[in-house]
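The next block is structure37.txt, given as compact mmCIF, C-alpha atoms.
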```txt
# COMPACT_ATOMS: atom_id res chain seq x y z
CA MET J 1 53.31 15.22 -13.80
CA SER J 2 54.88 18.70 -13.58
CA LEU J 3 53.56 21.36 -11.22
CA LYS J 4 52.62 23.48 -14.19
CA ARG J 5 50.59 20.78 -15.97
CA ALA J 6 48.96 19.52 -12.80
CA PHE J 7 47.65 22.88 -11.70
CA LEU J 8 46.96 24.92 -14.79
CA SER J 9 43.55 23.27 -14.60
CA PHE J 10 42.71 25.51 -11.59
CA GLN J 11 41.90 28.22 -14.04
CA LYS J 12 39.27 26.19 -15.93
CA PRO J 13 35.78 26.65 -14.52
CA LEU J 14 33.16 23.98 -14.98
CA ILE J 15 30.38 25.28 -17.18
CA PHE J 16 26.87 24.03 -16.67
CA THR J 17 23.85 24.71 -18.93
CA HIS J 18 20.31 24.46 -17.73
CA ARG J 19 17.17 24.82 -19.78
CA LYS J 20 13.61 24.71 -18.46
CA LEU J 21 10.53 25.13 -20.67
CA LEU J 22 7.73 27.00 -18.95
CA GLN J 23 4.27 25.96 -20.06
CA PRO J 24 1.26 28.20 -19.33
CA PRO J 25 -1.44 26.63 -17.14
CA SER J 26 -4.11 24.96 -19.22
CA ASP J 27 -6.98 26.66 -17.38
CA ASN J 28 -5.48 30.12 -17.95
CA LYS J 29 -5.51 30.82 -14.21
CA ILE J 30 -2.84 33.16 -12.88
CA LEU J 31 -0.25 31.43 -10.78
CA ARG J 32 0.43 33.19 -7.47
CA LEU J 33 3.26 32.68 -5.03
CA ASN J 34 2.34 31.40 -1.62
CA PRO J 35 3.58 34.20 0.68
CA THR J 36 3.94 31.84 3.62
CA PHE J 37 6.03 29.39 1.63
CA HIS J 38 8.19 32.20 0.24
CA CYS J 39 8.84 33.60 3.73
CA LYS J 40 9.78 30.23 5.17
CA SER J 41 12.06 29.54 2.23
CA SER J 42 13.87 32.85 2.78
CA ILE J 43 14.30 32.09 6.46
CA ARG J 44 15.69 28.64 5.69
CA ALA J 45 18.10 30.12 3.12
CA SER J 46 19.25 32.81 5.55
CA THR J 47 19.71 30.24 8.31
CA ALA J 48 21.71 27.98 6.00
CA ALA J 49 23.93 30.88 4.93
CA ALA J 50 24.51 31.90 8.54
CA ALA J 51 25.37 28.32 9.47
CA LYS J 52 28.20 28.37 6.92
CA VAL J 53 29.91 31.32 8.65
CA GLN J 54 32.41 30.10 11.23
CA MET J 55 34.61 31.83 13.78
CA VAL J 56 38.36 31.28 13.75
CA LYS J 57 41.26 32.93 15.53
CA ALA J 58 43.53 35.40 13.74
CA ILE J 59 45.97 38.23 14.32
CA ARG J 60 44.40 41.60 13.52
CA VAL J 61 45.94 45.06 13.18
CA HIS J 62 43.65 48.02 13.91
CA GLU J 63 46.34 50.70 14.12
CA LEU J 64 49.89 51.02 12.85
CA GLY J 65 52.81 50.70 15.25
CA GLY J 66 55.07 48.30 17.09
CA PRO J 67 54.57 44.60 17.77
CA GLU J 68 52.00 45.46 20.45
CA VAL J 69 49.39 46.32 17.77
CA LEU J 70 49.16 42.64 16.78
CA ASN J 71 45.90 41.50 18.41
CA TRP J 72 44.65 37.92 18.87
CA GLU J 73 40.96 37.97 17.91
CA ASP J 74 37.97 36.00 16.66
CA VAL J 75 37.13 36.58 13.00
CA GLU J 76 34.47 35.24 10.66
CA ILE J 77 35.25 32.95 7.75
CA GLY J 78 32.69 31.88 5.17
CA GLU J 79 32.57 29.39 2.34
CA PRO J 80 34.89 29.72 -0.68
CA LYS J 81 33.35 31.31 -3.76
CA GLU J 82 33.90 30.35 -7.36
CA GLY J 83 37.60 29.83 -8.03
CA GLU J 84 38.50 29.88 -4.31
CA ILE J 85 39.57 27.36 -1.68
CA ARG J 86 39.43 27.44 2.10
CA VAL J 87 42.64 26.36 3.80
CA LYS J 88 43.31 25.35 7.40
CA ASN J 89 46.80 26.63 8.05
CA LYS J 90 49.37 24.27 9.53
CA ALA J 91 52.43 26.57 9.49
CA ILE J 92 52.82 30.28 8.71
CA GLY J 93 55.98 32.01 7.54
CA VAL J 94 57.13 35.27 9.11
CA ASN J 95 58.86 37.79 6.86
CA PHE J 96 60.07 41.37 7.13
CA ILE J 97 57.36 42.45 4.71
CA ASP J 98 54.90 41.70 7.55
CA VAL J 99 56.73 44.26 9.69
CA TYR J 100 56.61 46.83 6.88
CA TYR J 101 52.82 46.56 6.65
CA ARG J 102 52.40 46.65 10.44
CA LYS J 103 54.44 49.88 10.63
CA GLY J 104 52.83 51.46 7.58
CA VAL J 105 55.96 51.46 5.40
CA TYR J 106 53.79 49.59 2.90
CA LYS J 107 50.20 50.79 2.74
CA THR J 108 46.98 48.83 3.18
CA ASP J 109 43.54 49.50 4.62
CA LEU J 110 42.87 49.07 8.34
CA PRO J 111 42.03 46.76 9.97
CA PHE J 112 43.90 43.86 8.37
CA THR J 113 45.30 40.41 9.03
CA PRO J 114 49.04 40.34 8.23
CA GLY J 115 51.04 37.54 6.65
CA ARG J 116 51.85 36.49 3.09
CA GLU J 117 53.05 32.90 3.41
CA ALA J 118 51.54 29.68 4.73
CA VAL J 119 51.09 25.95 4.26
CA GLY J 120 47.80 24.24 5.01
CA VAL J 121 45.20 21.64 4.16
CA VAL J 122 42.25 22.39 1.87
CA THR J 123 38.99 22.15 3.84
CA ALA J 124 36.52 23.38 1.20
CA VAL J 125 36.52 23.99 -2.56
CA GLY J 126 34.49 26.64 -4.35
CA SER J 127 32.50 26.03 -7.50
CA GLY J 128 34.13 25.95 -10.90
CA LEU J 129 37.36 24.20 -9.92
CA THR J 130 38.95 20.96 -11.07
CA GLY J 131 42.17 19.37 -9.91
CA ARG J 132 41.69 20.46 -6.32
CA LYS J 133 40.04 18.51 -3.52
CA VAL J 134 39.54 18.60 0.24
CA GLY J 135 42.60 17.20 2.00
CA ASP J 136 45.21 18.52 -0.46
CA VAL J 137 48.27 20.14 1.11
CA VAL J 138 49.05 23.48 -0.51
CA ALA J 139 51.32 26.46 0.02
CA TYR J 140 51.18 30.08 -1.08
CA ALA J 141 53.37 33.15 -0.87
CA GLY J 142 52.63 36.75 -1.82
CA ASN J 143 49.04 37.79 -2.47
CA PRO J 144 46.61 37.86 -0.79
CA MET J 145 47.68 39.11 2.61
CA GLY J 146 46.08 37.36 5.58
CA SER J 147 48.02 34.20 6.52
CA TYR J 148 48.22 35.00 10.28
CA ALA J 149 45.00 33.05 10.82
CA GLU J 150 43.83 29.56 11.69
CA GLU J 151 41.97 29.39 8.36
CA GLN J 152 41.77 31.60 5.31
CA ILE J 153 40.16 31.86 1.89
CA LEU J 154 42.58 31.83 -1.06
CA PRO J 155 42.27 32.10 -4.82
CA ALA J 156 43.03 28.59 -6.06
CA SER J 157 45.37 30.16 -8.62
CA ALA J 158 47.64 31.39 -5.78
CA ALA J 159 48.17 27.94 -4.24
CA VAL J 160 50.80 25.41 -5.30
CA PRO J 161 51.05 21.75 -4.26
CA VAL J 162 53.52 20.81 -1.53
CA PRO J 163 55.50 17.62 -2.18
CA SER J 164 54.70 14.97 0.43
CA SER J 165 58.39 14.71 1.33
CA VAL J 166 58.51 18.35 2.51
CA ASP J 167 57.72 19.15 6.15
CA HIS J 168 54.99 21.76 6.68
CA LYS J 169 57.25 24.10 8.69
CA VAL J 170 60.00 23.86 6.09
CA ALA J 171 57.59 24.57 3.23
CA ALA J 172 56.08 27.54 5.08
CA SER J 173 59.52 28.98 5.72
CA ILE J 174 60.86 28.64 2.16
CA MET J 175 58.02 29.61 -0.16
CA LEU J 176 58.32 33.40 -0.04
CA LYS J 177 62.03 33.51 0.77
CA GLY J 178 62.89 30.81 -1.75
CA MET J 179 60.95 32.38 -4.59
CA THR J 180 62.48 35.74 -3.68
CA ALA J 181 65.95 34.18 -3.95
CA HIS J 182 64.94 32.68 -7.30
CA ILE J 183 63.92 35.96 -8.89
CA LEU J 184 66.94 37.79 -7.43
CA LEU J 185 69.51 35.26 -8.69
CA ARG J 186 67.91 34.16 -11.94
CA ARG J 187 65.87 37.10 -13.20
CA CYS J 188 66.89 40.47 -11.71
CA PHE J 189 70.58 39.69 -12.23
CA LYS J 190 71.41 36.26 -13.62
CA VAL J 191 74.33 34.95 -11.58
CA GLU J 192 76.79 32.85 -13.57
CA PRO J 193 80.03 30.98 -12.76
CA GLY J 194 82.85 33.45 -12.21
CA HIS J 195 80.67 36.26 -10.84
CA THR J 196 81.48 37.77 -7.46
CA ILE J 197 78.47 38.77 -5.38
CA LEU J 198 77.88 40.52 -2.04
CA VAL J 199 74.96 39.43 0.17
CA GLN J 200 74.05 41.86 2.94
CA ALA J 201 72.55 40.14 6.03
CA ALA J 202 73.87 36.80 4.81
CA ALA J 203 72.55 34.88 7.84
CA GLY J 204 68.95 36.05 7.41
CA GLY J 205 66.15 34.00 5.90
CA VAL J 206 66.64 35.16 2.30
CA GLY J 207 70.35 35.80 2.75
CA SER J 208 70.99 32.20 3.76
CA LEU J 209 69.26 30.89 0.63
CA LEU J 210 71.06 33.40 -1.61
CA CYS J 211 74.44 32.19 -0.33
CA GLN J 212 73.62 28.50 -0.83
CA TRP J 213 72.11 29.00 -4.28
CA ALA J 214 74.80 31.38 -5.59
CA ASN J 215 77.54 29.03 -4.41
CA ALA J 216 75.88 26.18 -6.30
CA LEU J 217 75.77 28.40 -9.40
CA GLY J 218 79.55 28.81 -9.26
CA ALA J 219 79.77 32.37 -7.94
CA LYS J 220 82.24 33.70 -5.38
CA VAL J 221 80.07 34.72 -2.43
CA ILE J 222 80.88 37.48 0.07
CA GLY J 223 78.47 37.93 2.97
CA THR J 224 78.04 40.47 5.76
CA VAL J 225 76.78 39.50 9.24
CA SER J 226 76.66 41.04 12.71
CA SER J 227 78.26 38.36 14.90
CA GLU J 228 80.69 35.43 15.05
CA GLU J 229 77.78 33.02 15.42
CA LYS J 230 76.15 34.30 12.26
CA ALA J 231 79.50 34.27 10.48
CA ALA J 232 79.81 30.54 11.16
CA GLN J 233 76.34 29.97 9.69
CA ALA J 234 77.12 32.05 6.59
CA LYS J 235 80.27 30.01 5.95
CA GLU J 236 78.27 26.82 6.30
CA ASP J 237 75.82 28.20 3.75
CA GLY J 238 78.51 28.69 1.14
CA CYS J 239 80.02 32.13 1.79
CA HIS J 240 83.64 32.12 0.68
CA HIS J 241 84.32 35.32 2.61
CA VAL J 242 82.38 36.65 5.61
CA ILE J 243 82.64 40.22 6.90
CA ILE J 244 81.44 40.99 10.43
CA TYR J 245 80.31 44.55 9.85
CA THR J 246 80.24 45.37 13.57
CA LYS J 247 84.01 44.82 13.65
CA GLU J 248 85.11 45.77 10.14
CA ASP J 249 84.06 48.29 7.50
CA PHE J 250 82.43 46.13 4.85
CA VAL J 251 83.42 48.44 1.98
CA ALA J 252 87.09 48.13 2.90
CA GLY J 253 86.64 44.40 3.34
CA VAL J 254 85.11 43.95 -0.12
CA ASN J 255 87.83 46.06 -1.73
CA ASN J 256 90.47 43.94 -0.04
CA ILE J 257 88.83 40.64 -1.07
CA THR J 258 88.35 41.73 -4.71
CA SER J 259 91.70 43.59 -4.99
CA GLY J 260 89.77 46.79 -5.63
CA LYS J 261 87.74 45.43 -8.54
CA GLY J 262 84.41 45.31 -6.70
CA VAL J 263 81.54 42.87 -7.11
CA ASN J 264 79.17 42.23 -10.00
CA VAL J 265 76.04 42.50 -7.87
CA VAL J 266 75.01 43.43 -4.34
CA TYR J 267 71.84 41.95 -2.85
CA ASP J 268 70.83 44.41 -0.14
CA SER J 269 67.87 43.86 2.20
CA VAL J 270 69.15 46.22 4.91
CA GLY J 271 68.49 49.55 3.22
CA LYS J 272 69.29 52.84 4.93
CA ASP J 273 72.41 51.72 6.81
CA THR J 274 74.08 49.96 3.87
CA TYR J 275 72.95 51.24 0.49
CA GLN J 276 75.68 53.89 0.09
CA GLY J 277 78.36 51.37 0.99
CA SER J 278 76.75 48.82 -1.31
CA LEU J 279 77.10 51.24 -4.24
CA LYS J 280 80.78 51.71 -3.41
CA CYS J 281 81.32 47.93 -3.48
CA LEU J 282 80.16 47.54 -7.08
CA ALA J 283 82.41 46.94 -10.05
CA SER J 284 81.93 48.85 -13.29
CA ARG J 285 78.45 48.12 -14.70
CA GLY J 286 77.52 46.41 -11.47
CA TYR J 287 73.97 45.92 -10.15
CA LEU J 288 72.57 47.04 -6.81
CA VAL J 289 69.49 44.91 -6.15
CA SER J 290 67.67 46.47 -3.20
CA PHE J 291 64.95 44.11 -1.95
CA GLY J 292 64.31 45.29 1.61
CA GLN J 293 64.91 47.99 4.20
CA SER J 294 65.23 46.39 7.64
CA SER J 295 67.18 49.44 8.87
CA GLY J 296 64.80 51.93 7.30
CA LEU J 297 64.04 53.40 3.88
CA PRO J 298 67.18 54.46 1.98
CA ASP J 299 67.56 58.13 1.14
CA PRO J 300 66.89 58.98 -2.52
CA ILE J 301 69.80 58.05 -4.77
CA PRO J 302 70.66 60.73 -7.35
CA LEU J 303 71.08 59.32 -10.86
CA SER J 304 74.46 61.05 -10.95
CA ASP J 305 75.69 58.59 -8.29
CA LEU J 306 75.32 55.78 -10.82
CA ALA J 307 77.23 57.51 -13.60
CA PRO J 308 80.90 57.13 -12.51
CA LYS J 309 80.77 53.32 -12.97
CA SER J 310 77.65 53.01 -15.19
CA LEU J 311 75.80 51.23 -12.39
CA PHE J 312 72.33 49.67 -12.41
CA LEU J 313 69.79 49.97 -9.58
CA THR J 314 66.59 47.95 -9.20
CA ARG J 315 63.97 47.50 -6.47
CA PRO J 316 62.08 44.29 -7.33
CA SER J 317 58.89 42.90 -5.82
CA LEU J 318 58.23 39.15 -5.85
CA MET J 319 54.58 39.73 -6.79
CA HIS J 320 55.60 41.37 -10.07
CA TYR J 321 57.77 38.38 -11.00
CA THR J 322 55.10 35.78 -10.17
CA ALA J 323 52.17 37.69 -11.63
CA THR J 324 51.10 34.85 -13.95
CA ARG J 325 50.31 31.25 -13.06
CA ASP J 326 53.19 30.05 -15.26
CA GLU J 327 55.68 32.31 -13.47
CA LEU J 328 54.43 31.20 -10.06
CA LEU J 329 54.68 27.50 -10.89
CA GLU J 330 58.13 27.92 -12.43
CA SER J 331 59.48 29.74 -9.38
CA ALA J 332 57.91 27.43 -6.79
CA GLY J 333 58.91 24.36 -8.77
CA GLU J 334 62.53 25.48 -8.91
CA VAL J 335 62.59 26.07 -5.15
CA PHE J 336 61.07 22.70 -4.24
CA SER J 337 63.35 20.94 -6.72
CA LEU J 338 66.50 22.43 -5.17
CA LEU J 339 65.15 21.71 -1.70
CA SER J 340 64.56 18.05 -2.58
CA SER J 341 68.01 17.71 -4.17
CA GLY J 342 69.74 19.15 -1.11
CA VAL J 343 71.08 22.27 -2.83
CA LEU J 344 68.93 24.38 -0.52
CA LYS J 345 68.63 23.76 3.21
CA VAL J 346 66.32 25.67 5.52
CA ARG J 347 66.94 26.39 9.19
CA VAL J 348 63.65 26.80 11.02
CA ASN J 349 65.38 28.19 14.08
CA HIS J 350 62.40 29.88 15.69
CA VAL J 351 58.86 28.53 16.14
CA TYR J 352 56.15 30.52 17.99
CA PRO J 353 52.45 29.98 18.65
CA LEU J 354 50.39 32.19 16.34
CA SER J 355 48.84 33.93 19.35
CA VAL J 356 52.24 35.41 20.31
CA ALA J 357 53.11 36.75 16.86
CA ALA J 358 53.99 40.04 18.59
CA ARG J 359 56.95 38.36 20.30
CA ALA J 360 58.13 36.92 16.97
CA HIS J 361 58.03 40.41 15.41
CA ALA J 362 59.92 41.92 18.35
CA ASP J 363 62.66 39.29 18.08
CA LEU J 364 62.89 39.72 14.30
CA GLU J 365 63.24 43.49 14.51
CA GLY J 366 65.70 43.19 17.39
CA ARG J 367 67.95 41.01 15.20
CA LYS J 368 67.67 38.20 17.76
CA THR J 369 66.84 35.66 15.07
CA SER J 370 68.68 33.82 12.33
CA GLY J 371 67.32 31.58 9.62
CA SER J 372 63.55 31.29 9.39
CA ILE J 373 60.67 32.06 11.76
CA VAL J 374 57.45 30.06 11.69
CA LEU J 375 54.14 30.56 13.49
CA ILE J 376 51.99 27.52 14.37
CA PRO J 377 48.24 28.04 14.89
CA ASP J 378 47.44 27.40 18.55
CA ASN J 379 44.87 24.76 17.61
CA GLU J 380 47.65 22.80 15.87
CA LEU J 381 50.03 22.73 18.86
```

Now that the file is in, can you turn its structure into structure tokens?
Amino acid sequence: MSLKRAFLSFQKPLIFTHRKLLQPPSDNKILRLNPTFHCKSSIRASTAAAAKVQMVKAIRVHELGGPEVLNWEDVEIGEPKEGEIRVKNKAIGVNFIDVYYRKGVYKTDLPFTPGREAVGVVTAVGSGLTGRKVGDVVAYAGNPMGSYAEEQILPASAAVPVPSSVDHKVAASIMLKGMTAHILLRRCFKVEPGHTILVQAAAGGVGSLLCQWANALGAKVIGTVSSEEKAAQAKEDGCHHVIIYTKEDFVAGVNNITSGKGVNVVYDSVGKDTYQGSLKCLASRGYLVSFGQSSGLPDPIPLSDLAPKSLFLTRPSLMHYTATRDELLESAGEVFSLLSSGVLKVRVNHVYPLSVAARAHADLEGRKTSGSIVLIPDNEL
């Protein structure tokens, strides 16, 4: 059964009808509530509700700043409501979007639990759901934020099934990055055989997948990296040409490789340090797809800068391309299919306990990492 057919049923609530006929007392006496019984019932209900609230560990952010603002704390978690599931996380993906929220580049209310990607086991199911049971292994990426926790409550509509053949750490590291690669290559600009593309930060988590996928689609892939070690990885991932930007101007390198023609599309997750050069690398009617800003927010781009070559500029968000259940299942299904067939390979090069998420963020921002980063809840180690 396809992912789509198997899980569209999440949206269908069970509907119950209940009818009770109230008959007046035959002796016409007025019925009165027993105040003692009512009080005890309320106490029992309150006690039962309190018993359902549990404490779990999570990373919390109370103020914006560097990695040091990531605090390891106890938080409350209740029972899932209608249409929700509670998930015990087994592996949590780390992405640059987590850094953006921690710094305040992207806005959210304080305090908050960061993280937008995880794989876990369902531990409780809210009312009104079919097709979901305790013990199912599921993954999610995107909304809601809050995956840096031992357990979390999720809308059932946000979760997708994880094939049994896929390791938890691999699934947690590919959901958000893989679906991002999918929308970049197949929807923002549809890469076809014969296209030439430039991938900035080709050895990063998304960059690595872009290179593998674009190569399989028949494109000529040019990638930029910062070191010889990362250049070797990019070549292994399908880059036909690798430019080490710390040793060579990447604009000159692209012009040399393309004989001055430029590339059809640039996928740029670096931002401030590269966007002007990325524009210069484009062929006539080329696309600059800006999907991140690891070096900082780019300066505003005047529309007049696009005119000389009739260029296109877009800044996509994964959440806008997986807004419906159908879109989510299509994107996740494509990623897991290519993973199972061997087209996509994931390097989980860095694994940290959840409690030291601050160290993972520091290493990510310091460009000390390559491939994917995964956090493991301390109670799972």

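For the pair atom CA of J:Val335 and atom CA of J:His182, the separation is 7.3 Å.
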
Choose the residue, out of J:Gly128, J:Gly104, J:Gly207, J:Pro300, that has the smallest atom-to-atom separation from J:Lys81; count only C-alpha atoms.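 The answer is J:Gly128, which sits nearest to J:Lys81.
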
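Residues in contact with J:Asn264 at up to 10 Å, not including ones fewer than 5 positions away on its chain and judged by only C-alpha atoms, are Phe189, Val191, Gly194, His195, Thr196, Ile197, Leu198, Cys281, Leu282, Ala283, Ser284, Arg285, Gly286, Tyr287, Leu288 and Leu311 of chain J.
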
Would you mind exporting the chosen residues as a short mmCIF file (atom, residue, chain, number, x, y, z; two decimals), in the coordinates of the input, restricted to C-alpha atoms?
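File again.cif, as written:
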```cif
data_model
loop_
_atom_site.label_atom_id
_atom_site.label_comp_id
_atom_site.auth_asym_id
_atom_site.auth_seq_id
_atom_site.Cartn_x
_atom_site.Cartn_y
_atom_site.Cartn_z
CA PHE J 189 70.58 39.69 -12.23
CA VAL J 191 74.33 34.95 -11.58
CA GLY J 194 82.85 33.45 -12.21
CA HIS J 195 80.67 36.26 -10.84
CA THR J 196 81.48 37.77 -7.46
CA ILE J 197 78.47 38.77 -5.38
CA LEU J 198 77.88 40.52 -2.04
CA CYS J 281 81.32 47.93 -3.48
CA LEU J 282 80.16 47.54 -7.08
CA ALA J 283 82.41 46.94 -10.05
CA SER J 284 81.93 48.85 -13.29
CA ARG J 285 78.45 48.12 -14.70
CA GLY J 286 77.52 46.41 -11.47
CA TYR J 287 73.97 45.92 -10.15
CA LEU J 288 72.57 47.04 -6.81
CA LEU J 311 75.80 51.23 -12.39
#
```

Please report the interatomic distance between atom CA of J:Pro193 and atom CA of J:Val221 in Å with one decimal. 11.0 Å

Could you list, as a count of residues only, every residue within 7 Å of J:Glu192, counting all atoms listed in the file and ignoring same-chain residues fewer than 6 positions away? 3

Using only C-alpha atoms, which of the listed residues (J:Asp273, J:Glu68, J:Asp378, J:Glu248) sits closest to J:Val99?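 Closest to J:Val99, using only C-alpha atoms: J:Glu68.
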
Contacts of J:Pro377 within 6 Å, all atoms listed in the file, excl. fewer than 6 positions in-chain, as a ChimeraX atom specification: /J:150,353-354

Report as a PyMOL selection string all protein, DNA and RNA residues lying within 10 Å of J:Glu84, evaluated on all atoms listed in the file, omitting residues in the same chain fewer than 4 positions from it. chain J and resi 10+79-80+124-129+153-159

Output for the residues just chosen: C-alpha atoms as a PDB file, in the coordinates of the input:
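What follows is the written file part31.pdb:
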```
ATOM      1  CA  PHE J  10      42.710  25.510 -11.590  1.00  0.00           C
ATOM      2  CA  GLU J  79      32.570  29.390   2.340  1.00  0.00           C
ATOM      3  CA  PRO J  80      34.890  29.720  -0.680  1.00  0.00           C
ATOM      4  CA  ALA J 124      36.520  23.380   1.200  1.00  0.00           C
ATOM      5  CA  VAL J 125      36.520  23.990  -2.560  1.00  0.00           C
ATOM      6  CA  GLY J 126      34.490  26.640  -4.350  1.00  0.00           C
ATOM      7  CA  SER J 127      32.500  26.030  -7.500  1.00  0.00           C
ATOM      8  CA  GLY J 128      34.130  25.950 -10.900  1.00  0.00           C
ATOM      9  CA  LEU J 129      37.360  24.200  -9.920  1.00  0.00           C
ATOM     10  CA  ILE J 153      40.160  31.860   1.890  1.00  0.00           C
ATOM     11  CA  LEU J 154      42.580  31.830  -1.060  1.00  0.00           C
ATOM     12  CA  PRO J 155      42.270  32.100  -4.820  1.00  0.00           C
ATOM     13  CA  ALA J 156      43.030  28.590  -6.060  1.00  0.00           C
ATOM     14  CA  SER J 157      45.370  30.160  -8.620  1.00  0.00           C
ATOM     15  CA  ALA J 158      47.640  31.390  -5.780  1.00  0.00           C
ATOM     16  CA  ALA J 159      48.170  27.940  -4.240  1.00  0.00           C
TER      17      ALA J 159
END
```

Extract, using only C-alpha atoms, all DNA, RNA and protein residues at most 12 Å from J:Thr108, discarding same-chain residues fewer than 2 positions from it, and format them as a list in words.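 Final neighbour list, sorted by chain and number: Val61, His62, Glu63, Leu64, Asp98, Tyr100, Tyr101, Arg102, Lys103, Gly104, Val105, Tyr106, Leu110, Pro111, Phe112, Thr113, Pro114, Pro144, Met145 and Gly146 of chain J.
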
Just write the chosen residues, C-alpha atoms, as a compact mmCIF listing (two decimals), in the frame of the given file.
```txt
# COMPACT_ATOMS: atom_id res chain seq x y z
CA VAL J 61 45.94 45.06 13.18
CA HIS J 62 43.65 48.02 13.91
CA GLU J 63 46.34 50.70 14.12
CA LEU J 64 49.89 51.02 12.85
CA ASP J 98 54.90 41.70 7.55
CA TYR J 100 56.61 46.83 6.88
CA TYR J 101 52.82 46.56 6.65
CA ARG J 102 52.40 46.65 10.44
CA LYS J 103 54.44 49.88 10.63
CA GLY J 104 52.83 51.46 7.58
CA VAL J 105 55.96 51.46 5.40
CA TYR J 106 53.79 49.59 2.90
CA LEU J 110 42.87 49.07 8.34
CA PRO J 111 42.03 46.76 9.97
CA PHE J 112 43.90 43.86 8.37
CA THR J 113 45.30 40.41 9.03
CA PRO J 114 49.04 40.34 8.23
CA PRO J 144 46.61 37.86 -0.79
CA MET J 145 47.68 39.11 2.61
CA GLY J 146 46.08 37.36 5.58
```

Calculate how many Å separate atom CA of J:Val351 from atom CA of J:Ala149, rounding to one decimal. 15.5 Å

Which residue of J:Ile92, J:Ile85, J:Val254, J:Leu328 approaches J:Ile59 most closely, using all atoms listed in the file: J:Ile92

Nearest candidate to J:Val75 (options J:Glu327, J:Glu151, J:Glu117, J:Asp305; using all atoms listed in the file):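 Counting all atoms listed in the file, the residue closest to J:Val75 is J:Glu151.
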
Within-10 Å shell of (67.5, 58.0, -0.1) in input frame, all atoms listed in the file, as a PyMOL selection string: chain J and resi 271-272+275-276+296-302

When you count all atoms listed in the file, which of these residues is closest to J:Lys57: J:Val251, J:Val166, J:Glu380, J:Ala171?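 The closest residue to J:Lys57 is J:Glu380.
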
Rebuild stretch 101-105 of chain J so that it carries all heavy atoms, then output the result as a PDB file, in the frame of the given file.
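The resulting out_18.pdb:
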```
ATOM      1  N   TYR J 101      54.252  46.257   6.662  1.00  0.00           N
ATOM      2  CA  TYR J 101      52.820  46.560   6.650  1.00  0.00           C
ATOM      3  C   TYR J 101      52.337  46.970   8.038  1.00  0.00           C
ATOM      4  O   TYR J 101      51.506  47.877   8.175  1.00  0.00           O
ATOM      5  CB  TYR J 101      52.018  45.360   6.144  1.00  0.00           C
ATOM      6  CG  TYR J 101      51.943  45.297   4.645  1.00  0.00           C
ATOM      7  CD1 TYR J 101      52.740  44.412   3.922  1.00  0.00           C
ATOM      8  CD2 TYR J 101      51.085  46.137   3.935  1.00  0.00           C
ATOM      9  CE1 TYR J 101      52.684  44.367   2.531  1.00  0.00           C
ATOM     10  CE2 TYR J 101      51.025  46.096   2.551  1.00  0.00           C
ATOM     11  CZ  TYR J 101      51.829  45.214   1.851  1.00  0.00           C
ATOM     12  OH  TYR J 101      51.779  45.177   0.481  1.00  0.00           O
ATOM     13  N   ARG J 102      52.821  46.315   9.074  1.00  0.00           N
ATOM     14  CA  ARG J 102      52.400  46.650  10.440  1.00  0.00           C
ATOM     15  C   ARG J 102      52.803  48.073  10.804  1.00  0.00           C
ATOM     16  O   ARG J 102      52.067  48.789  11.489  1.00  0.00           O
ATOM     17  CB  ARG J 102      53.063  45.661  11.424  1.00  0.00           C
ATOM     18  CG  ARG J 102      52.513  45.687  12.844  1.00  0.00           C
ATOM     19  CD  ARG J 102      53.539  45.132  13.812  1.00  0.00           C
ATOM     20  NE  ARG J 102      54.627  46.059  14.025  1.00  0.00           N
ATOM     21  CZ  ARG J 102      55.906  45.711  14.148  1.00  0.00           C
ATOM     22  NH1 ARG J 102      56.280  44.447  14.054  1.00  0.00           N
ATOM     23  NH2 ARG J 102      56.829  46.639  14.351  1.00  0.00           N
ATOM     24  N   LYS J 103      53.958  48.524  10.342  1.00  0.00           N
ATOM     25  CA  LYS J 103      54.440  49.880  10.630  1.00  0.00           C
ATOM     26  C   LYS J 103      53.849  50.928   9.703  1.00  0.00           C
ATOM     27  O   LYS J 103      53.906  52.121  10.002  1.00  0.00           O
ATOM     28  CB  LYS J 103      55.962  49.916  10.522  1.00  0.00           C
ATOM     29  CG  LYS J 103      56.711  49.224  11.652  1.00  0.00           C
ATOM     30  CD  LYS J 103      58.209  49.401  11.441  1.00  0.00           C
ATOM     31  CE  LYS J 103      59.014  48.984  12.662  1.00  0.00           C
ATOM     32  NZ  LYS J 103      60.465  49.211  12.454  1.00  0.00           N
ATOM     33  N   GLY J 104      53.344  50.506   8.548  1.00  0.00           N
ATOM     34  CA  GLY J 104      52.830  51.460   7.580  1.00  0.00           C
ATOM     35  C   GLY J 104      53.829  51.859   6.521  1.00  0.00           C
ATOM     36  O   GLY J 104      53.560  52.770   5.728  1.00  0.00           O
ATOM     37  N   VAL J 105      54.994  51.202   6.480  1.00  0.00           N
ATOM     38  CA  VAL J 105      55.960  51.460   5.400  1.00  0.00           C
ATOM     39  C   VAL J 105      55.316  51.099   4.063  1.00  0.00           C
ATOM     40  O   VAL J 105      55.441  51.826   3.076  1.00  0.00           O
ATOM     41  CB  VAL J 105      57.245  50.637   5.626  1.00  0.00           C
ATOM     42  CG1 VAL J 105      58.210  50.827   4.455  1.00  0.00           C
ATOM     43  CG2 VAL J 105      57.921  51.037   6.932  1.00  0.00           C
TER      44      VAL J 105
END
```
